[in-house]
Structure formats: C-alpha cells, structure tokens
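**Student:** One file is attached below, input.pdb, containing PDB, C-alpha atoms.
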ATOM      1  CA  MET P   1      -3.829  10.963 -11.333
ATOM      2  CA  PRO P   2      -4.873   9.464 -14.682
ATOM      3  CA  ARG P   3      -2.018   7.972 -16.648
ATOM      4  CA  ASP P   4      -2.817  10.125 -19.679
ATOM      5  CA  ALA P   5      -2.624  13.342 -17.642
ATOM      6  CA  ALA P   6       0.833  14.883 -17.570
ATOM      7  CA  PRO P   7       1.783  15.561 -13.971
ATOM      8  CA  VAL P   8       2.875  19.039 -13.098
ATOM      9  CA  THR P   9       6.600  19.065 -12.533
ATOM     10  CA  ALA P  10       8.380  20.658  -9.625
ATOM     11  CA  GLY P  11      10.557  22.731 -11.924
ATOM     12  CA  SER P  12       8.656  25.901 -11.130
ATOM     13  CA  VAL P  13       9.667  25.911  -7.472
ATOM     14  CA  GLY P  14      12.681  28.130  -8.007
ATOM     15  CA  VAL P  15      16.382  27.907  -7.344
ATOM     16  CA  GLY P  16      16.172  27.770  -3.533
ATOM     17  CA  ALA P  17      15.388  24.782  -1.384
ATOM     18  CA  PRO P  18      12.141  23.051  -2.380
ATOM     19  CA  PRO P  19       9.159  23.908  -0.202
ATOM     20  CA  ASP P  20       8.365  21.506   2.618
ATOM     21  CA  ASP P  21       5.207  19.420   2.600
ATOM     22  CA  THR P  22       3.311  21.694   4.976
ATOM     23  CA  GLU P  23       3.798  24.680   2.694
ATOM     24  CA  LEU P  24       2.891  22.667  -0.411
ATOM     25  CA  VAL P  25      -0.238  21.225   1.222
ATOM     26  CA  GLU P  26      -1.410  24.699   2.221
ATOM     27  CA  ARG P  27      -0.898  25.887  -1.342
ATOM     28  CA  ALA P  28      -2.456  22.707  -2.799
ATOM     29  CA  GLN P  29      -5.715  23.432  -0.981
ATOM     30  CA  GLY P  30      -6.318  26.114  -3.588
ATOM     31  CA  ASP P  31      -3.678  25.502  -6.247
ATOM     32  CA  ALA P  32      -3.614  22.429  -8.517
ATOM     33  CA  GLU P  33       0.009  23.100  -9.459
ATOM     34  CA  ALA P  34       1.110  22.694  -5.839
ATOM     35  CA  PHE P  35      -0.736  19.374  -5.654
ATOM     36  CA  GLY P  36       1.129  18.367  -8.804
ATOM     37  CA  GLU P  37       4.389  18.974  -6.943
ATOM     38  CA  LEU P  38       3.207  16.736  -4.105
ATOM     39  CA  TYR P  39       2.241  14.114  -6.682
ATOM     40  CA  ASP P  40       5.709  14.247  -8.267
ATOM     41  CA  ARG P  41       7.330  14.018  -4.855
ATOM     42  CA  TYR P  42       5.472  10.904  -3.693
ATOM     43  CA  VAL P  43       4.028   9.003  -6.650
ATOM     44  CA  ALA P  44       7.018   6.645  -6.960
ATOM     45  CA  ASP P  45       6.960   5.786  -3.230
ATOM     46  CA  ILE P  46       3.218   5.165  -3.220
ATOM     47  CA  TYR P  47       3.420   3.073  -6.379
ATOM     48  CA  ARG P  48       6.150   0.865  -4.861
ATOM     49  CA  PHE P  49       4.061   0.459  -1.715
ATOM     50  CA  VAL P  50       0.973  -0.533  -3.694
ATOM     51  CA  TYR P  51       2.906  -2.821  -6.020
ATOM     52  CA  SER P  52       4.520  -4.613  -3.063
ATOM     53  CA  ARG P  53       1.028  -5.732  -2.028
ATOM     54  CA  LEU P  54      -0.692  -6.318  -5.350
ATOM     55  CA  ARG P  55       2.215  -7.630  -7.484
ATOM     56  CA  ASP P  56       0.552  -6.471 -10.697
ATOM     57  CA  ARG P  57       1.949  -3.453 -12.525
ATOM     58  CA  GLU P  58      -1.252  -2.334 -14.230
ATOM     59  CA  VAL P  59      -3.418  -2.790 -11.141
ATOM     60  CA  ALA P  60      -0.807  -1.008  -9.006
ATOM     61  CA  GLU P  61      -0.845   1.932 -11.432
ATOM     62  CA  ASP P  62      -4.641   2.111 -11.256
ATOM     63  CA  VAL P  63      -4.717   1.929  -7.451
ATOM     64  CA  THR P  64      -1.941   4.542  -7.213
ATOM     65  CA  SER P  65      -3.994   6.863  -9.407
ATOM     66  CA  GLU P  66      -6.985   6.235  -7.160
ATOM     67  CA  VAL P  67      -4.896   7.121  -4.092
ATOM     68  CA  PHE P  68      -3.980  10.520  -5.538
ATOM     69  CA  PHE P  69      -7.552  11.168  -6.680
ATOM     70  CA  LYS P  70      -8.721  10.512  -3.121
ATOM     71  CA  ALA P  71      -5.945  12.693  -1.717
ATOM     72  CA  LEU P  72      -6.862  15.524  -4.091
ATOM     73  CA  ARG P  73     -10.533  15.317  -3.116
ATOM     74  CA  ALA P  74      -9.675  15.297   0.594
ATOM     75  CA  ILE P  75      -6.760  17.772   0.585
ATOM     76  CA  ASP P  76      -8.918  20.547   2.072
ATOM     77  CA  ARG P  77      -9.587  18.355   5.124
ATOM     78  CA  TYR P  78      -5.952  17.383   5.726
ATOM     79  CA  ARG P  79      -4.488  18.750   8.953
ATOM     80  CA  PRO P  80      -0.866  18.058   9.998
ATOM     81  CA  THR P  81      -1.771  16.810  13.475
ATOM     82  CA  GLY P  82       1.458  14.963  14.232
ATOM     83  CA  ARG P  83       1.257  12.787  11.111
ATOM     84  CA  PRO P  84       3.211  13.983   8.063
ATOM     85  CA  PHE P  85       1.557  14.312   4.673
ATOM     86  CA  ARG P  86       3.533  11.293   3.464
ATOM     87  CA  GLY P  87       2.008   9.184   6.241
ATOM     88  CA  TRP P  88      -1.467  10.434   5.316
ATOM     89  CA  LEU P  89      -0.881   9.279   1.727
ATOM     90  CA  TYR P  90       0.295   5.864   2.916
ATOM     91  CA  ARG P  91      -2.842   5.496   5.028
ATOM     92  CA  ILE P  92      -5.026   6.281   1.987
ATOM     93  CA  ALA P  93      -2.974   3.788  -0.045
ATOM     94  CA  ALA P  94      -3.312   1.065   2.608
ATOM     95  CA  ASN P  95      -7.084   1.515   2.627
ATOM     96  CA  ALA P  96      -7.239   1.483  -1.190
ATOM     97  CA  ILE P  97      -5.236  -1.760  -1.257
ATOM     98  CA  THR P  98      -7.570  -3.354   1.279
ATOM     99  CA  ASP P  99     -10.627  -2.265  -0.720
ATOM    100  CA  HIS P 100      -9.128  -3.683  -3.899
ATOM    101  CA  LEU P 101      -8.222  -7.027  -2.303
ATOM    102  CA  ARG P 102     -11.690  -7.403  -0.807
ATOM    103  CA  ALA P 103     -13.332  -6.664  -4.150
ATOM    104  CA  ARG P 104     -11.080  -9.016  -6.110
ATOM    105  CA  ARG P 105     -12.225 -12.602  -6.463
ATOM    106  CA  PRO P 106      -9.389 -14.785  -5.109
ATOM    107  CA  ALA P 107     -10.310 -17.784  -7.256
ATOM    108  CA  VAL P 108      -7.867 -19.774  -9.391
ATOM    109  CA  ASP P 109      -9.224 -20.771 -12.803
ATOM    110  CA  LEU P 110      -8.378 -24.468 -12.697
ATOM    111  CA  GLU P 111      -9.959 -25.250 -16.085
ATOM    112  CA  VAL P 112      -7.688 -22.802 -17.903
ATOM    113  CA  ALA P 113      -4.668 -23.934 -15.884
ATOM    114  CA  GLY P 114      -5.424 -27.571 -16.703
ATOM    115  CA  GLN P 115      -5.505 -26.927 -20.457
ATOM    116  CA  GLU P 116      -2.080 -25.308 -20.610
ATOM    117  CA  PRO P 117       1.007 -27.422 -21.333
ATOM    118  CA  HIS P 118       3.174 -28.284 -18.344
ATOM    119  CA  ARG P 119       6.058 -25.772 -18.114
ATOM    120  CA  GLY P 120       6.888 -25.776 -14.433
ATOM    121  CA  PRO P 121       5.288 -26.640 -11.115
ATOM    122  CA  GLY P 122       2.144 -28.721 -11.360
ATOM    123  CA  VAL P 123      -1.256 -27.096 -11.141
ATOM    124  CA  ASP P 124      -1.757 -28.484  -7.636
ATOM    125  CA  GLU P 125       1.539 -26.925  -6.497
ATOM    126  CA  GLN P 126       0.672 -23.590  -8.110
ATOM    127  CA  VAL P 127      -2.718 -23.613  -6.412
ATOM    128  CA  MET P 128      -1.127 -24.400  -3.035
ATOM    129  CA  ASN P 129       1.466 -21.637  -3.496
ATOM    130  CA  ARG P 130      -1.223 -19.132  -4.358
ATOM    131  CA  ARG P 131      -3.339 -20.357  -1.482
ATOM    132  CA  GLU P 132      -0.458 -19.885   0.969
ATOM    133  CA  VAL P 133       0.247 -16.362  -0.301
ATOM    134  CA  ALA P 134      -3.465 -15.581  -0.136
ATOM    135  CA  ARG P 135      -3.616 -16.898   3.441
ATOM    136  CA  VAL P 136      -0.713 -14.679   4.494
ATOM    137  CA  TRP P 137      -2.253 -11.552   2.989
ATOM    138  CA  ALA P 138      -5.678 -12.491   4.354
ATOM    139  CA  ALA P 139      -4.091 -12.677   7.813
ATOM    140  CA  VAL P 140      -2.432  -9.289   7.249
ATOM    141  CA  ASP P 141      -5.754  -7.803   6.173
ATOM    142  CA  GLN P 142      -7.369  -8.940   9.439
ATOM    143  CA  LEU P 143      -4.967  -6.868  11.536
ATOM    144  CA  SER P 144      -5.848  -3.470  12.910
ATOM    145  CA  GLU P 145      -5.237  -0.638  10.455
ATOM    146  CA  ALA P 146      -2.149   0.512  12.378
ATOM    147  CA  GLN P 147      -0.624  -2.980  12.574
ATOM    148  CA  ARG P 148      -1.327  -3.635   8.906
ATOM    149  CA  THR P 149       0.239  -0.373   7.774
ATOM    150  CA  ALA P 150       3.330  -0.849   9.951
ATOM    151  CA  ILE P 151       3.908  -4.415   8.761
ATOM    152  CA  VAL P 152       3.417  -3.636   5.078
ATOM    153  CA  LEU P 153       5.781  -0.668   5.273
ATOM    154  CA  LYS P 154       8.351  -2.804   7.098
ATOM    155  CA  LEU P 155       8.126  -6.005   5.071
ATOM    156  CA  GLY P 156       6.774  -4.727   1.763
ATOM    157  CA  GLN P 157       8.749  -1.484   1.571
ATOM    158  CA  ASP P 158      11.732  -2.506   3.708
ATOM    159  CA  MET P 159      11.427   0.801   5.553
ATOM    160  CA  HIS P 160      13.428   1.571   8.660
ATOM    161  CA  THR P 161      11.425   1.815  11.874
ATOM    162  CA  ALA P 162      12.216   5.532  12.175
ATOM    163  CA  ASP P 163      10.757   6.198   8.720
ATOM    164  CA  ILE P 164       7.644   4.169   9.504
ATOM    165  CA  ALA P 165       7.249   6.110  12.735
ATOM    166  CA  ALA P 166       7.455   9.402  10.815
ATOM    167  CA  CYS P 167       4.885   8.208   8.258
ATOM    168  CA  MET P 168       2.483   7.032  10.921
ATOM    169  CA  GLY P 169       3.015   9.876  13.380
ATOM    170  CA  ARG P 170       4.023   7.458  16.152
ATOM    171  CA  SER P 171       7.130   6.781  18.221
ATOM    172  CA  GLU P 172       9.639   4.143  17.114
ATOM    173  CA  GLY P 173       8.782   2.101  20.198
ATOM    174  CA  ALA P 174       5.105   2.141  19.288
ATOM    175  CA  VAL P 175       5.885   1.028  15.735
ATOM    176  CA  LYS P 176       8.088  -1.846  16.979
ATOM    177  CA  LEU P 177       5.245  -2.955  19.233
ATOM    178  CA  LEU P 178       2.745  -2.783  16.355
ATOM    179  CA  ILE P 179       5.015  -4.921  14.170
ATOM    180  CA  HIS P 180       5.709  -7.439  16.935
ATOM    181  CA  ARG P 181       2.041  -7.836  17.852
ATOM    182  CA  GLY P 182       0.984  -7.938  14.209
ATOM    183  CA  LEU P 183       3.474 -10.692  13.358
ATOM    184  CA  THR P 184       2.372 -12.658  16.424
ATOM    185  CA  VAL P 185      -1.251 -12.481  15.284
ATOM    186  CA  ILE P 186      -0.306 -13.496  11.737
ATOM    187  CA  ARG P 187       1.649 -16.534  12.977
ATOM    188  CA  GLU P 188      -1.270 -17.603  15.161
ATOM    189  CA  ARG P 189      -3.797 -17.221  12.360
ATOM    190  CA  LEU P 190      -1.652 -19.100   9.875
ATOM    191  CA  ALA P 191      -1.159 -21.949  12.359
ATOM    192  CA  GLU P 192      -4.866 -22.329  13.182
ATOM    193  CA  PRO P 193      -6.233 -23.425   9.796
ATOM    194  CA  ALA P 194      -3.115 -25.388   8.785
ATOM    195  CA  ALA P 195      -4.734 -28.747   9.562
ATOM    196  CA  GLU P 196      -7.820 -27.964   7.508
ATOM    197  CA  GLY P 197      -6.040 -26.107   4.720
ATOM    198  CA  GLY P 198      -6.490 -29.024   2.334
ATOM    199  CA  ALA P 199     -10.253 -28.639   2.282
ATOM    200  CA  ALA P 200     -11.442 -26.695  -0.729
TER     201      ALA P 200
END
Can you dump the structure from the file as structure tokens?
**Tutor:**
Amino acid sequence: MPRDAAPVTAGSVGVGAPPDDTELVERAQGDAEAFGELYDRYVADIYRFVYSRLRDREVAEDVTSEVFFKALRAIDRYRPTGRPFRGWLYRIAANAITDHLRARRPAVDLEVAGQEPHRGPGVDEQVMNRREVARVWAAVDQLSEAQRTAIVLKLGQDMHTADIAACMGRSEGAVKLLIHRGLTVIRERLAEPAAEGGAA
C-alpha cells in the first residue's frame, strides 16, 4: 500500500475473536476494508522479511508496498490449497525481492569512495566486503524458489522450522531438507569462484 494511504485498522472487527485469514480473504475478494485488516496483520512481518534481504529502509518500504499491491490485484485468484495466506504473501515478497535485486546494478562507485576521507576500512576492504555479501546473495538467488524462500525465512527472519513449514504449506521434514540442500549448494557455489574472486 502507498505510504501516504492510511491503512484500514482492524478495530472494526468487533469484540469477539478476530476473524481467521480464510474468512478475511473471502471478504477481501469483494471488500477493501477486509484487505486492510490483512494488511495490518502482516505488513510488519513482510517488511522485516524484505528488509532482511535488502538492508535499506526506504527500498524495503517500497518493495513491501509493491508486495501488497500485487496481493490486492491477485486476491481474487488466491485459493487456500494447503498453503496459508501468510505463506502466499511471503512467496510474493520473495519474488519481489528477487526482481528488485536483478534490476539493481550491483556496482560500487569507486570514484566517489576514493574522494571521501578515510574513516574506517579502506576502499579495497569495503569493496571486498560488499563483493562477498553480493556473492552470498547471488548464490541464494540461484537456488530453487522453495529453497530460497526456506533459507531466507530461516536465516533472515530467524523463523522456526514449524513456522516456515506453515508459511510454505510443507512438512517440517521437507523444509529441513530444503534448507540443508540449499546451504550445501550455496557452500559449493561460494567455493567454486574463490580462486578467481580477485578478478574484476
């Protein structure tokens, strides 16, 4: 949702227990206020997930808004086929993050960095640090969608396996396997180019 648009609050739900996601999603397919309640319920979680990958507050806010715009446009097509609404949102967020990272130019402006006074690690060290972080995330982005989502939720969100399983609509055993295989692939990919990492 746009940052200048006031989200609908969940105060109108009533004094009883708040409606579950399935009920809210059904209502949201024809009622903007119900979607506002879903937004209020999950915007903080989705923002933290996005921020854990992008590490930029303003960009994370923009991508989070994009996630909810996409969810709103697609809400009529959502079907709770074993995957909870929360997991559906995380999948949209994971795809939005990937799209953003692919569109972003991963270059370091060395001219600007070289003109600034020395206040910490040297430019070469900063470049290497950024390069290492970029290599890790590039390896993560090469995983299958399921592996990538499981690993980011585990490492970026520090989620318990049971919660990841609920979000992804999979068993805990399947999630553990996704994480294990994903980490194995990441280690292998990071080891491969290590010898040639100095070439720029």
**Student:** Which one of P:Gln29, P:Gly173, P:Leu155, P:Asp56 sits closest to Ala74 in chain P if you count all atoms listed in the file?
**Tutor:**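 Closest to Ala74 in chain P of all the choices is P:Gln29.
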**Student:** Padding 5 Å on every side, please: axis-aligned box over the listed atoms of range 130-136 of chain P, centre and edge lengths to one decimal in Å, as JSON.
**Tutor:**
{"center_x": -1.7, "center_y": -17.5, "center_z": 0.1, "size_x": 13.9, "size_y": 15.7, "size_z": 18.9}
**Student:** Check which residues satisfy the PyMOL selection byres ((chain P and resi 159-161) around 10) in the file shown, then give them as a PyMOL selection string.
**Tutor:** chain P and resi 150-158+162-167+171-176+179
**Student:** Would you compute the distance between CA of Arg55 in chain P and CA of Phe35 in chain P? Give it in Å to one decimal.
**Tutor:** 27.2 Å
**Student:** Show which residues sit within 9 Å of Val185 in chain P, as a PyMOL selection string. Count all atoms listed in the file, and ignore same-chain residues fewer than 3 positions away.
**Tutor:** chain P and resi 139-140+143+180-182+188-190
**Student:** Can you pull out every residue within 7 Å of Gly87 in chain P, counting all atoms listed in the file, but drop anything in the same chain fewer than 3 positions away, and send it as a PyMOL selection string?
**Tutor:** chain P and resi 83-84+90-91+167-168
**Student:** Considering all atoms listed in the file, return as a PDB file with C-alpha atoms, in the frame of the given file whatever protein or nucleic-acid residues lie within 7 Å of Val50 in chain P, sequence-local ones (same chain, fewer than 4 positions apart) excluded.
**Tutor:**
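Result file is around_29.pdb:
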ATOM      1  CA  ILE P  46       3.218   5.165  -3.220  1.00  0.00           C
ATOM      2  CA  LEU P  54      -0.692  -6.318  -5.350  1.00  0.00           C
ATOM      3  CA  ALA P  60      -0.807  -1.008  -9.006  1.00  0.00           C
ATOM      4  CA  THR P  64      -1.941   4.542  -7.213  1.00  0.00           C
ATOM      5  CA  ALA P  93      -2.974   3.788  -0.045  1.00  0.00           C
ATOM      6  CA  ILE P  97      -5.236  -1.760  -1.257  1.00  0.00           C
TER       7      ILE P  97
END
**Student:** If we count all atoms listed in the file, what is near Trp137 in chain P at a cut-off of 9 Å, once residues fewer than 5 positions away on the same chain are taken out, given as a PDB file with C-alpha atoms, in the frame of the given file?
**Tutor:**
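Result file result_1.pdb:
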ATOM      1  CA  ARG P  53       1.028  -5.732  -2.028  1.00  0.00           C
ATOM      2  CA  GLU P 132      -0.458 -19.885   0.969  1.00  0.00           C
ATOM      3  CA  GLN P 142      -7.369  -8.940   9.439  1.00  0.00           C
TER       4      GLN P 142
END
**Student:** Apply the PyMOL selection byres ((chain P and resi 71) around 12) to the displayed file and report the matching residues as a PyMOL selection string.
**Tutor:** chain P and resi 1+25+28-29+35-36+38-39+42-43+46+64-70+72-78+85-93+96
**Student:** Could you tell me how far CA of Ala138 in chain P sits from CA of Glu192 in chain P, in Å to one decimal place?
**Tutor:**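 For CA of Glu192 in chain P relative to CA of Ala138 in chain P, the distance reads 13.2 Å.
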